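Only one structure is covered here, and it is reproduced in the block below.
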Amino acid sequence: MWQLRKLSTNEALSEAGPLPNNWGPIFGLHGFQEKLGDLSWIGPSYADKGWVKLSSDEQKEVFLAEVMATLATKKAETEKIISSPDITVEQKSVWVNFLLSLDLVPLQADFPFEARIPASPVV
């Protein structure tokens, strides 16, 4: 994973992810990665910017943030459904079990890299 950063402050300027596919052909450097650490050679608008390869700890933080955001969204939606007065006891039981299974996601052995988030119930 790579991230565009401001080199003087290490501030992230883009989301972490793979290198853009079009950077090489645009600058005539397809296949060269040693020029990515400092983009000042492109021009003044790129001074103090560079693509940085994320360490394994930084990658884990990115994956963890993504998974936790997904879990928070699913939990909020589930709690809204559970608190609805139109839900039956059977449906509420299914949604409560789903909510409990969401709580177990961080306990998976390969969390956060291969987090298996359960599918929402269909009731």
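Lettering and numbering for the structure tokens are positional, with chains as A, B, ... in the shown order, residues counted from 1 in each chain, and ligands counted from 1 in the shown order.
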Per residue of segment 57-78 of chain A within 9 Å of segment 96-101 of chain A, note the shortest atom pair and the distance in Å to one decimal, counting only C-alpha atoms, and order the rows by chain and increasing residue number, as a tab-separated table.
residue	atom	partner	partner_atom	distance
A:Lys74	CA	A:Leu99	CA	8.4
A:Lys75	CA	A:Leu99	CA	6.4
A:Thr78	CA	A:Leu99	CA	6.7
C-alpha atoms of the current selection, written as a PDB file, in the first residue's frame:
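Output file out32.pdb follows:
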ATOM      1  CA  LYS A  74     -23.730  -1.896  10.682  1.00  0.00           C
ATOM      2  CA  LYS A  75     -24.222  -1.668  14.461  1.00  0.00           C
ATOM      3  CA  THR A  78     -29.026  -2.714  13.510  1.00  0.00           C
TER       4      THR A  78
END
Filtered DSSP result for chain A, state strand (DSSP E or B), as an NGL selection string: :A and (2-6 or 11-12 or 17 or 49-53)
Just write the chosen residues, N, CA and C atoms, as a PDB file, in the first residue's frame.
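The result, written out as again.pdb:
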ATOM      1  N   TRP A   2       0.417   2.259  -0.690  1.00  0.00           N
ATOM      2  CA  TRP A   2       1.136   3.512  -0.820  1.00  0.00           C
ATOM      3  C   TRP A   2       0.227   4.660  -0.404  1.00  0.00           C
ATOM      4  N   GLN A   3       0.846   5.791  -0.054  1.00  0.00           N
ATOM      5  CA  GLN A   3       0.074   6.963   0.313  1.00  0.00           C
ATOM      6  C   GLN A   3       0.863   8.208  -0.092  1.00  0.00           C
ATOM      7  N   LEU A   4       0.172   9.170  -0.681  1.00  0.00           N
ATOM      8  CA  LEU A   4       0.782  10.447  -1.024  1.00  0.00           C
ATOM      9  C   LEU A   4       0.844  11.277   0.250  1.00  0.00           C
ATOM     10  N   ARG A   5       2.053  11.775   0.570  1.00  0.00           N
ATOM     11  CA  ARG A   5       2.228  12.528   1.812  1.00  0.00           C
ATOM     12  C   ARG A   5       3.014  13.804   1.570  1.00  0.00           C
ATOM     13  N   LYS A   6       2.800  14.754   2.471  1.00  0.00           N
ATOM     14  CA  LYS A   6       3.636  15.947   2.519  1.00  0.00           C
ATOM     15  C   LYS A   6       4.883  15.546   3.281  1.00  0.00           C
ATOM     16  N   GLU A  11       2.207  14.475   6.649  1.00  0.00           N
ATOM     17  CA  GLU A  11       0.750  14.585   6.578  1.00  0.00           C
ATOM     18  C   GLU A  11       0.237  13.817   5.365  1.00  0.00           C
ATOM     19  N   ALA A  12      -0.808  13.019   5.574  1.00  0.00           N
ATOM     20  CA  ALA A  12      -1.395  12.247   4.477  1.00  0.00           C
ATOM     21  C   ALA A  12      -2.166  13.171   3.551  1.00  0.00           C
ATOM     22  N   GLY A  17      -3.568   3.112  -0.392  1.00  0.00           N
ATOM     23  CA  GLY A  17      -4.009   2.154  -1.389  1.00  0.00           C
ATOM     24  C   GLY A  17      -2.884   1.834  -2.352  1.00  0.00           C
ATOM     25  N   LYS A  49       6.187  16.813  -1.704  1.00  0.00           N
ATOM     26  CA  LYS A  49       5.230  15.711  -1.772  1.00  0.00           C
ATOM     27  C   LYS A  49       5.942  14.462  -2.264  1.00  0.00           C
ATOM     28  N   GLY A  50       5.456  13.320  -1.846  1.00  0.00           N
ATOM     29  CA  GLY A  50       6.026  12.066  -2.310  1.00  0.00           C
ATOM     30  C   GLY A  50       5.133  10.895  -1.951  1.00  0.00           C
ATOM     31  N   TRP A  51       5.275   9.829  -2.728  1.00  0.00           N
ATOM     32  CA  TRP A  51       4.544   8.596  -2.438  1.00  0.00           C
ATOM     33  C   TRP A  51       5.380   7.782  -1.454  1.00  0.00           C
ATOM     34  N   VAL A  52       4.760   7.350  -0.384  1.00  0.00           N
ATOM     35  CA  VAL A  52       5.446   6.610   0.672  1.00  0.00           C
ATOM     36  C   VAL A  52       4.817   5.229   0.772  1.00  0.00           C
ATOM     37  N   LYS A  53       5.670   4.199   0.776  1.00  0.00           N
ATOM     38  CA  LYS A  53       5.167   2.837   0.964  1.00  0.00           C
ATOM     39  C   LYS A  53       4.907   2.635   2.459  1.00  0.00           C
TER      40      LYS A  53
END
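Non-sequential neighbours of Ile81 of chain A (distance at most 9 Å, separation of 5 or more positions within a chain, only C-alpha atoms) are Ala76, Asp86, Ile87, Lys92 and Trp95 of chain A.
Atom to atom, atom CA of Leu102 of chain A and atom CA of Glu66 of chain A stand 14.4 Å apart.
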Between atom CA of Ala109 of chain A and atom CA of Phe63 of chain A - distance in Å to one decimal: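 Here the two named atoms are 14.5 Å from each other.
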For atom CA of Thr70 of chain A and atom CA of Thr9 of chain A, the interatomic separation in Å (one decimal):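 Separating atom CA of Thr70 of chain A from atom CA of Thr9 of chain A is a distance of 29.1 Å.
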